[in-house]
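*Asks:* Provided herewith: query17.cif, mmCIF, C-alpha atoms and all ligand atoms.
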data_upload
#
loop_
_atom_site.label_atom_id
_atom_site.label_comp_id
_atom_site.auth_asym_id
_atom_site.auth_seq_id
_atom_site.Cartn_x
_atom_site.Cartn_y
_atom_site.Cartn_z
CA MET A 1 -34.12 28.67 -80.30
CA ASN A 2 -30.85 27.92 -82.13
CA PRO A 3 -30.04 24.26 -82.89
CA GLN A 4 -27.87 22.53 -80.28
CA LEU A 5 -25.59 21.12 -82.99
CA ASP A 6 -23.98 22.80 -86.00
CA ILE A 7 -24.07 21.26 -89.49
CA GLU A 8 -20.54 19.80 -89.32
CA THR A 9 -21.31 18.07 -86.02
CA ILE A 10 -24.62 16.70 -87.34
CA GLU A 11 -22.86 15.28 -90.41
CA ALA A 12 -20.12 13.78 -88.23
CA VAL A 13 -22.69 12.10 -85.94
CA LEU A 14 -24.33 10.51 -89.00
CA ALA A 15 -21.01 9.47 -90.56
CA LYS A 16 -19.85 7.75 -87.34
CA ALA A 17 -23.19 6.13 -86.46
CA ASP A 18 -23.88 2.40 -86.87
CA GLN A 19 -26.64 1.64 -89.33
CA LEU A 20 -29.12 -0.81 -87.84
CA TYR A 21 -31.75 -0.85 -90.62
CA THR A 22 -31.84 0.31 -94.23
CA GLU A 23 -34.78 2.11 -95.76
CA ARG A 24 -35.70 -1.08 -97.62
CA GLU A 25 -35.84 -3.07 -94.36
CA ILE A 26 -37.95 -0.37 -92.72
CA SER A 27 -40.29 -0.33 -95.68
CA ALA A 28 -40.79 -4.11 -95.41
CA ALA A 29 -41.50 -3.73 -91.66
CA LEU A 30 -44.06 -1.00 -92.39
CA ASP A 31 -45.77 -3.27 -94.94
CA GLU A 32 -46.06 -5.98 -92.29
CA ILE A 33 -47.34 -3.59 -89.62
CA ALA A 34 -49.89 -2.17 -92.06
CA GLY A 35 -51.10 -5.68 -92.94
CA ASN A 36 -51.58 -6.57 -89.29
CA ILE A 37 -53.37 -3.30 -88.53
CA THR A 38 -55.62 -3.82 -91.55
CA ARG A 39 -56.60 -7.33 -90.47
CA GLN A 40 -57.55 -6.14 -86.98
CA LEU A 41 -59.01 -2.66 -87.54
CA HIS A 42 -60.38 -2.51 -91.10
CA ASN A 43 -64.01 -2.29 -89.99
CA LYS A 44 -63.48 -0.10 -86.88
CA HIS A 45 -63.09 3.35 -88.49
CA PRO A 46 -60.28 4.16 -86.04
CA VAL A 47 -58.93 7.53 -85.01
CA CYS A 48 -55.20 7.33 -85.77
CA LEU A 49 -53.14 9.61 -83.56
CA SER A 50 -49.53 10.30 -84.43
CA ILE A 51 -47.50 11.01 -81.28
CA MET A 52 -45.36 13.99 -82.23
CA LEU A 53 -42.74 14.63 -83.02
CA GLY A 54 -41.22 11.20 -83.43
CA GLY A 55 -44.43 9.65 -84.76
CA LEU A 56 -44.45 12.01 -87.74
CA VAL A 57 -42.37 9.93 -90.15
CA PRO A 58 -43.70 6.45 -89.18
CA ALA A 59 -47.30 7.73 -89.31
CA GLY A 60 -46.65 9.48 -92.62
CA GLN A 61 -45.33 6.23 -94.08
CA LEU A 62 -47.86 3.91 -92.44
CA LEU A 63 -51.15 5.71 -93.05
CA PRO A 64 -51.01 5.56 -96.88
CA ARG A 65 -50.58 1.79 -96.51
CA LEU A 66 -53.97 1.52 -94.74
CA ASN A 67 -56.52 1.05 -97.45
CA PHE A 68 -59.64 1.53 -95.30
CA PRO A 69 -61.40 4.51 -93.65
CA VAL A 70 -59.47 6.11 -90.79
CA GLU A 71 -59.50 9.56 -89.23
CA ILE A 72 -56.18 11.25 -88.57
CA ASP A 73 -55.15 13.56 -85.76
CA TYR A 74 -52.14 13.98 -83.50
CA ILE A 75 -50.95 14.35 -79.95
CA HIS A 76 -47.81 16.24 -79.11
CA ALA A 77 -46.25 14.86 -75.94
CA THR A 78 -42.57 14.53 -75.16
CA ARG A 79 -40.43 13.28 -72.27
CA TYR A 80 -36.91 13.36 -73.74
CA ARG A 81 -37.06 16.88 -75.23
CA GLY A 82 -33.81 16.59 -77.16
CA ALA A 83 -32.00 14.68 -74.36
CA THR A 84 -31.01 11.01 -74.37
CA GLU A 85 -32.74 10.25 -71.04
CA GLY A 86 -36.44 10.64 -70.42
CA ASN A 87 -38.17 12.69 -67.76
CA GLU A 88 -41.81 13.39 -66.94
CA LEU A 89 -44.15 13.62 -69.91
CA HIS A 90 -44.72 17.14 -71.20
CA TRP A 91 -48.10 17.56 -72.97
CA ILE A 92 -47.99 20.14 -75.75
CA LYS A 93 -51.11 19.31 -77.81
CA TYR A 94 -54.15 17.16 -77.11
CA PRO A 95 -56.13 15.72 -80.05
CA SER A 96 -58.92 17.85 -81.52
CA ILE A 97 -61.17 14.92 -82.52
CA SER A 98 -63.39 13.49 -79.77
CA LEU A 99 -62.23 10.01 -78.75
CA GLU A 100 -65.51 9.05 -77.06
CA ASN A 101 -66.64 5.55 -78.06
CA ARG A 102 -63.96 5.43 -80.77
CA THR A 103 -61.32 2.86 -81.57
CA VAL A 104 -57.98 4.67 -81.32
CA LEU A 105 -54.69 3.69 -82.92
CA LEU A 106 -51.63 5.46 -81.48
CA ILE A 107 -48.62 5.61 -83.80
CA ASP A 108 -45.15 6.27 -82.45
CA ASP A 109 -41.58 5.74 -83.58
CA ILE A 110 -40.12 3.88 -80.59
CA LEU A 111 -41.14 2.04 -77.43
CA ASP A 112 -38.28 2.39 -74.94
CA GLU A 113 -39.22 2.52 -71.24
CA GLY A 114 -42.85 2.48 -72.35
CA LEU A 115 -43.92 5.47 -70.27
CA THR A 116 -44.97 7.71 -73.16
CA LEU A 117 -47.29 5.19 -74.78
CA GLN A 118 -48.67 4.09 -71.42
CA ALA A 119 -49.56 7.67 -70.45
CA VAL A 120 -51.14 8.36 -73.85
CA VAL A 121 -53.16 5.11 -73.71
CA GLU A 122 -54.47 6.14 -70.26
CA TYR A 123 -55.34 9.61 -71.57
CA CYS A 124 -57.35 8.10 -74.45
CA GLN A 125 -59.18 5.78 -72.06
CA GLN A 126 -60.03 8.75 -69.81
CA GLN A 127 -61.45 10.49 -72.90
CA GLY A 128 -63.85 7.58 -73.37
CA ALA A 129 -62.12 5.64 -76.14
CA GLU A 130 -63.74 2.23 -76.61
CA GLN A 131 -60.47 0.49 -77.48
CA VAL A 132 -56.92 1.78 -77.74
CA PHE A 133 -54.28 0.08 -79.91
CA THR A 134 -50.62 1.01 -80.14
CA ALA A 135 -48.18 0.86 -83.03
CA ALA A 136 -44.46 1.51 -82.61
CA LEU A 137 -42.10 1.11 -85.54
CA VAL A 138 -39.32 0.05 -83.18
CA GLU A 139 -39.08 -1.66 -79.79
CA LYS A 140 -35.87 -1.27 -77.80
CA GLN A 141 -34.63 -4.46 -76.19
CA HIS A 142 -33.78 -4.20 -72.49
CA LYS A 143 -35.23 -5.09 -69.10
CA ARG A 144 -36.04 -1.52 -68.01
CA ARG A 145 -39.55 -1.36 -69.47
CA ILE A 146 -41.62 0.23 -66.71
CA GLY A 147 -44.64 1.37 -68.72
CA LEU A 148 -46.32 -0.38 -71.63
CA GLN A 149 -44.48 -3.66 -72.20
CA HIS A 150 -45.19 -4.12 -75.90
CA ALA A 151 -46.99 -2.31 -78.68
CA ASP A 152 -49.89 -4.15 -80.32
CA PHE A 153 -48.25 -3.59 -83.69
CA THR A 154 -44.50 -3.36 -84.14
CA GLY A 155 -41.93 -4.17 -86.77
CA LEU A 156 -38.32 -3.88 -85.67
CA THR A 157 -36.20 -4.31 -82.55
CA VAL A 158 -33.15 -2.25 -81.65
CA PRO A 159 -30.45 -2.91 -79.05
CA ASP A 160 -30.17 -0.87 -75.87
CA ARG A 161 -28.51 2.11 -77.56
CA TYR A 162 -29.63 5.61 -78.49
CA VAL A 163 -31.06 5.45 -81.99
CA PHE A 164 -32.10 8.04 -84.56
CA GLY A 165 -33.62 8.31 -88.04
CA TYR A 166 -37.09 7.70 -89.46
CA GLY A 167 -38.60 10.25 -87.08
CA MET A 168 -36.27 9.63 -84.14
CA ASP A 169 -33.96 12.48 -83.19
CA TYR A 170 -30.50 12.93 -81.77
CA GLN A 171 -30.46 16.26 -79.95
CA ASN A 172 -33.47 17.39 -81.99
CA GLN A 173 -31.61 16.64 -85.26
CA LEU A 174 -31.45 13.82 -87.82
CA ARG A 175 -35.14 12.85 -87.70
CA TYR A 176 -35.27 12.98 -91.50
CA VAL A 177 -32.63 10.28 -92.03
CA ALA A 178 -33.90 7.42 -94.24
CA GLY A 179 -32.62 4.56 -92.12
CA ILE A 180 -32.26 3.70 -88.43
CA TYR A 181 -28.88 4.33 -86.82
CA ALA A 182 -27.31 4.02 -83.36
CA VAL A 183 -25.22 6.95 -82.17
CA HIS A 184 -21.52 6.04 -81.93
CA GLY A 185 -20.63 5.46 -78.28
CA LEU A 186 -24.24 5.63 -77.01
O1 LIG B 201 -40.93 4.61 -74.17
P1 LIG B 201 -40.37 5.90 -73.70
O2 LIG B 201 -39.15 5.72 -72.83
O3 LIG B 201 -41.39 6.78 -73.04
O4 LIG B 201 -39.78 6.66 -74.97
C1 LIG B 201 -40.44 6.70 -76.19
C2 LIG B 201 -40.77 8.11 -76.58
O5 LIG B 201 -39.56 8.87 -76.69
C3 LIG B 201 -39.57 9.60 -77.90
O6 LIG B 201 -40.23 10.83 -77.76
P2 LIG B 201 -39.52 12.11 -77.16
O7 LIG B 201 -39.96 12.33 -75.75
O8 LIG B 201 -38.04 12.05 -77.42
O9 LIG B 201 -40.14 13.26 -78.01
P3 LIG B 201 -40.14 13.40 -79.61
O10 LIG B 201 -41.29 12.58 -80.09
O11 LIG B 201 -40.31 14.86 -79.85
O12 LIG B 201 -38.82 12.86 -80.11
C4 LIG B 201 -40.36 8.72 -78.84
O13 LIG B 201 -40.93 9.48 -79.90
C5 LIG B 201 -41.42 8.12 -77.95
O14 LIG B 201 -42.60 8.91 -77.93
N1 LIG B 202 -34.57 9.34 -80.81
C1 LIG B 202 -34.79 8.51 -79.79
N2 LIG B 202 -35.81 8.74 -78.96
C2 LIG B 202 -35.96 7.87 -77.95
N3 LIG B 202 -36.90 7.87 -76.98
C3 LIG B 202 -36.63 6.82 -76.21
N4 LIG B 202 -35.56 6.14 -76.63
C4 LIG B 202 -35.13 6.78 -77.73
C5 LIG B 202 -34.05 6.56 -78.63
O1 LIG B 202 -33.24 5.61 -78.54
N5 LIG B 202 -33.94 7.46 -79.64
#
Write out the structure in this file as structure tokens.
*Replies:*
Amino acid sequence: MNPQLDIETIEAVLAKADQLYTEREISAALDEIAGNITRQLHNKHPVCLSIMLGGLVPAGQLLPRLNFPVEIDYIHATRYRGATEGNELHWIKYPSISLENRTVLLIDDILDEGLTLQAVVEYCQQQGAEQVFTAALVEKQHKRRIGLQHADFTGLTVPDRYVFGYGMDYQNQLRYVAGIYAVHGL
């Protein structure tokens, strides 16, 4: 499938966007999240599941900060699918590692309405996980949370705008950006 946006448009979206967090601020937040995860899970040998695609960058930056034994796998589930409003959750890949009697840590980029993390927590529980913890780099601030209210581990808050960078996309683009930005006008 061809990208929805051409290179000039992608560069213009980035140039006009409002920067909410620098890479340095995100790095400090990841240090804090990693410290809190370590204190709570260091002797649990957790299965860490990145929720793709958005979880890719936060998980990739968080996991090397965890200096204790973990197993790594991923789930691919999406409800926005390149749009700026969510729909029902589309499951693309279930984890390969058995979750039975395991402590599970889910890692995602953003908690918005909370439906994605809630559905994935329920899936893990159905698979027999002993305990399920959630980490989201960012929590969006609004009163429309209808699923999971808060992640167990989180670092940054963003206003009620559409944000991208550090794993988060705008129309399937800009996930690689080393900062967190709000789209101009959204
Ligand atoms: O709290 P919610 O309102 O459910 O939204 C949060 C979810 O939305 C994004 O995923 P998206 O469906 O855009 O897929 P992606 O990971 O491929 O970006 C993000 O990565 C979270 O998983
Ligand atoms: N990229 C991105 N994904 C989301 N999923 C839910 N909210 C958002 C958001 O603001 N940005």
*Asks:* Just want the residues within 6 Å of ligand LIG 202 (chain B), written as a PyMOL selection string, counting all atoms listed in the file.
*Replies:* chain A and resi 112+161-164+168-170
*Asks:* Report as a short mmCIF file (atom, residue, chain, number, x, y, z; two decimals) with C-alpha atoms, keeping the file's coordinate frame all protein, DNA and RNA residues lying within 12 Å of Gln141 (chain A), evaluated on only C-alpha atoms, omitting residues in the same chain fewer than 6 positions from it.
*Replies:*
data_model
loop_
_atom_site.label_atom_id
_atom_site.label_comp_id
_atom_site.auth_asym_id
_atom_site.auth_seq_id
_atom_site.Cartn_x
_atom_site.Cartn_y
_atom_site.Cartn_z
CA ILE A 110 -40.12 3.88 -80.59
CA LEU A 111 -41.14 2.04 -77.43
CA ASP A 112 -38.28 2.39 -74.94
CA GLU A 113 -39.22 2.52 -71.24
CA GLY A 114 -42.85 2.48 -72.35
CA GLN A 149 -44.48 -3.66 -72.20
CA HIS A 150 -45.19 -4.12 -75.90
CA LEU A 156 -38.32 -3.88 -85.67
CA THR A 157 -36.20 -4.31 -82.55
CA VAL A 158 -33.15 -2.25 -81.65
CA PRO A 159 -30.45 -2.91 -79.05
CA ASP A 160 -30.17 -0.87 -75.87
CA ARG A 161 -28.51 2.11 -77.56
CA TYR A 162 -29.63 5.61 -78.49
#
*Asks:* From the set A:Gln173, A:Asn67, A:Asn101, A:Thr154, which residue has the shortest atom-to-atom contact distance to ligand LIG 201 (chain B), counting all atoms listed in the file?
*Replies:* A:Gln173
*Asks:* Give one line per residue of chain A that approaches ligand LIG 201 (chain B) to at most 8 Å, naming the two atoms of the closest pair and their distance in Å to one decimal, counting all atoms listed in the file; sort by chain then ascending residue number and deliver it as JSON lines.
*Replies:*
{"residue": "A:Ile51", "atom": "CA", "partner": "B:LIG201", "partner_atom": "O14", "distance": 6.3}
{"residue": "A:Met52", "atom": "CA", "partner": "B:LIG201", "partner_atom": "O10", "distance": 4.8}
{"residue": "A:Leu53", "atom": "CA", "partner": "B:LIG201", "partner_atom": "O10", "distance": 3.9}
{"residue": "A:Gly54", "atom": "CA", "partner": "B:LIG201", "partner_atom": "O10", "distance": 3.6}
{"residue": "A:Gly55", "atom": "CA", "partner": "B:LIG201", "partner_atom": "O13", "distance": 6.0}
{"residue": "A:His76", "atom": "CA", "partner": "B:LIG201", "partner_atom": "O10", "distance": 7.5}
{"residue": "A:Ala77", "atom": "CA", "partner": "B:LIG201", "partner_atom": "O9", "distance": 6.6}
{"residue": "A:Thr78", "atom": "CA", "partner": "B:LIG201", "partner_atom": "O7", "distance": 3.5}
{"residue": "A:Arg79", "atom": "CA", "partner": "B:LIG201", "partner_atom": "O7", "distance": 3.6}
{"residue": "A:Tyr80", "atom": "CA", "partner": "B:LIG201", "partner_atom": "O7", "distance": 3.8}
{"residue": "A:Arg81", "atom": "CA", "partner": "B:LIG201", "partner_atom": "O8", "distance": 5.4}
{"residue": "A:Gly82", "atom": "CA", "partner": "B:LIG201", "partner_atom": "O8", "distance": 6.2}
{"residue": "A:Ala83", "atom": "CA", "partner": "B:LIG201", "partner_atom": "O8", "distance": 7.3}
{"residue": "A:Thr84", "atom": "CA", "partner": "B:LIG201", "partner_atom": "O8", "distance": 7.7}
{"residue": "A:Gly86", "atom": "CA", "partner": "B:LIG201", "partner_atom": "O2", "distance": 6.1}
{"residue": "A:Leu89", "atom": "CA", "partner": "B:LIG201", "partner_atom": "O7", "distance": 7.3}
{"residue": "A:Asp108", "atom": "CA", "partner": "B:LIG201", "partner_atom": "O14", "distance": 5.8}
{"residue": "A:Asp109", "atom": "CA", "partner": "B:LIG201", "partner_atom": "O13", "distance": 5.3}
{"residue": "A:Ile110", "atom": "CA", "partner": "B:LIG201", "partner_atom": "C4", "distance": 5.2}
{"residue": "A:Leu111", "atom": "CA", "partner": "B:LIG201", "partner_atom": "O1", "distance": 4.2}
{"residue": "A:Asp112", "atom": "CA", "partner": "B:LIG201", "partner_atom": "O1", "distance": 3.5}
{"residue": "A:Glu113", "atom": "CA", "partner": "B:LIG201", "partner_atom": "O2", "distance": 3.6}
{"residue": "A:Gly114", "atom": "CA", "partner": "B:LIG201", "partner_atom": "O1", "distance": 3.4}
{"residue": "A:Leu115", "atom": "CA", "partner": "B:LIG201", "partner_atom": "O3", "distance": 4.0}
{"residue": "A:Thr116", "atom": "CA", "partner": "B:LIG201", "partner_atom": "O3", "distance": 3.7}
{"residue": "A:Leu117", "atom": "CA", "partner": "B:LIG201", "partner_atom": "O3", "distance": 6.4}
{"residue": "A:Gln118", "atom": "CA", "partner": "B:LIG201", "partner_atom": "O3", "distance": 7.9}
{"residue": "A:Arg145", "atom": "CA", "partner": "B:LIG201", "partner_atom": "O1", "distance": 7.7}
{"residue": "A:Gly147", "atom": "CA", "partner": "B:LIG201", "partner_atom": "O1", "distance": 7.3}
{"residue": "A:Leu148", "atom": "CA", "partner": "B:LIG201", "partner_atom": "O1", "distance": 7.8}
{"residue": "A:Gly167", "atom": "CA", "partner": "B:LIG201", "partner_atom": "O12", "distance": 7.4}
{"residue": "A:Met168", "atom": "CA", "partner": "B:LIG201", "partner_atom": "O12", "distance": 5.8}
{"residue": "A:Asp169", "atom": "CA", "partner": "B:LIG201", "partner_atom": "O12", "distance": 5.8}
{"residue": "A:Asn172", "atom": "CA", "partner": "B:LIG201", "partner_atom": "O12", "distance": 7.3}
*Asks:* Extract, using only C-alpha atoms, all DNA, RNA and protein residues at most 8 Å from region 40-43 of chain A, discarding same-chain residues fewer than 4 positions from it, and format them as a count of residues only.
*Replies:* 3
*Asks:* Here is a test: counting all atoms listed in the file, which residue of A:Pro46, A:Ala182, A:Glu85, A:Gln19 is nearest to Leu99 (chain A)?
*Replies:*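 Result for the nearest residue to Leu99 (chain A): A:Pro46.
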*Asks:* Mind giving me the straight-line distance from CA of Tyr21 (chain A) to CA of Ala151 (chain A) in Å, one decimal?
*Replies:*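 Interatomic distance here is 19.4 Å.
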*Asks:* Find the nearest atom pair between each residue of region 9-100 of chain A and region 120-138 of chain A for residues within 12 Å, count all atoms listed in the file, give distances in Å to one decimal, sort rows by chain and ascending number, and present the table as a Markdown table.
*Replies:*
| residue | atom | partner | partner_atom | distance |
| --- | --- | --- | --- | --- |
| A:Leu20 | CA | A:Val138 | CA | 11.2 |
| A:Tyr21 | CA | A:Val138 | CA | 10.7 |
| A:Glu25 | CA | A:Leu137 | CA | 11.6 |
| A:Ile26 | CA | A:Leu137 | CA | 8.4 |
| A:Ser27 | CA | A:Leu137 | CA | 10.4 |
| A:Ala28 | CA | A:Leu137 | CA | 11.2 |
| A:Ala29 | CA | A:Leu137 | CA | 7.8 |
| A:Leu30 | CA | A:Leu137 | CA | 7.4 |
| A:Asp31 | CA | A:Leu137 | CA | 11.0 |
| A:Glu32 | CA | A:Leu137 | CA | 10.6 |
| A:Ile33 | CA | A:Ala135 | CA | 8.0 |
| A:Ala34 | CA | A:Ala135 | CA | 9.7 |
| A:Asn36 | CA | A:Ala135 | CA | 10.3 |
| A:Ile37 | CA | A:Ala135 | CA | 8.6 |
| A:Gln40 | CA | A:Phe133 | CA | 10.0 |
| A:Leu41 | CA | A:Phe133 | CA | 9.4 |
| A:Lys44 | CA | A:Gln131 | CA | 9.9 |
| A:His45 | CA | A:Gln131 | CA | 11.7 |
| A:Pro46 | CA | A:Val132 | CA | 9.3 |
| A:Val47 | CA | A:Val132 | CA | 9.5 |
| A:Cys48 | CA | A:Phe133 | CA | 9.4 |
| A:Leu49 | CA | A:Thr134 | CA | 9.6 |
| A:Ser50 | CA | A:Ala135 | CA | 9.6 |
| A:Ile51 | CA | A:Val120 | CA | 8.7 |
| A:Met52 | CA | A:Val120 | CA | 11.6 |
| A:Gly54 | CA | A:Ala136 | CA | 10.3 |
| A:Gly55 | CA | A:Ala136 | CA | 8.4 |
| A:Leu56 | CA | A:Leu137 | CA | 11.4 |
| A:Val57 | CA | A:Leu137 | CA | 10.0 |
| A:Pro58 | CA | A:Leu137 | CA | 6.7 |
| A:Ala59 | CA | A:Leu137 | CA | 9.2 |
| A:Gly60 | CA | A:Leu137 | CA | 11.9 |
| A:Gln61 | CA | A:Leu137 | CA | 10.5 |
| A:Leu62 | CA | A:Leu137 | CA | 9.4 |
| A:Leu63 | CA | A:Ala135 | CA | 11.5 |
| A:Tyr74 | CA | A:Val120 | CA | 11.2 |
| A:Ile75 | CA | A:Val120 | CA | 8.6 |
| A:His76 | CA | A:Val120 | CA | 10.0 |
| A:Ala77 | CA | A:Val120 | CA | 8.4 |
| A:Thr78 | CA | A:Val120 | CA | 10.6 |
| A:Arg79 | CA | A:Val120 | CA | 11.9 |
| A:Leu89 | CA | A:Val120 | CA | 9.6 |
| A:His90 | CA | A:Val120 | CA | 11.2 |
| A:Trp91 | CA | A:Val120 | CA | 9.7 |
| A:Lys93 | CA | A:Val120 | CA | 11.6 |
| A:Tyr94 | CA | A:Tyr123 | CA | 9.4 |
| A:Pro95 | CA | A:Cys124 | CA | 9.5 |
| A:Ser96 | CA | A:Gln127 | CA | 11.6 |
| A:Ile97 | CA | A:Gln127 | CA | 10.6 |
| A:Ser98 | CA | A:Gln127 | CA | 7.7 |
| A:Leu99 | CA | A:Ala129 | CA | 5.1 |
| A:Glu100 | CA | A:Gly128 | CA | 4.3 |
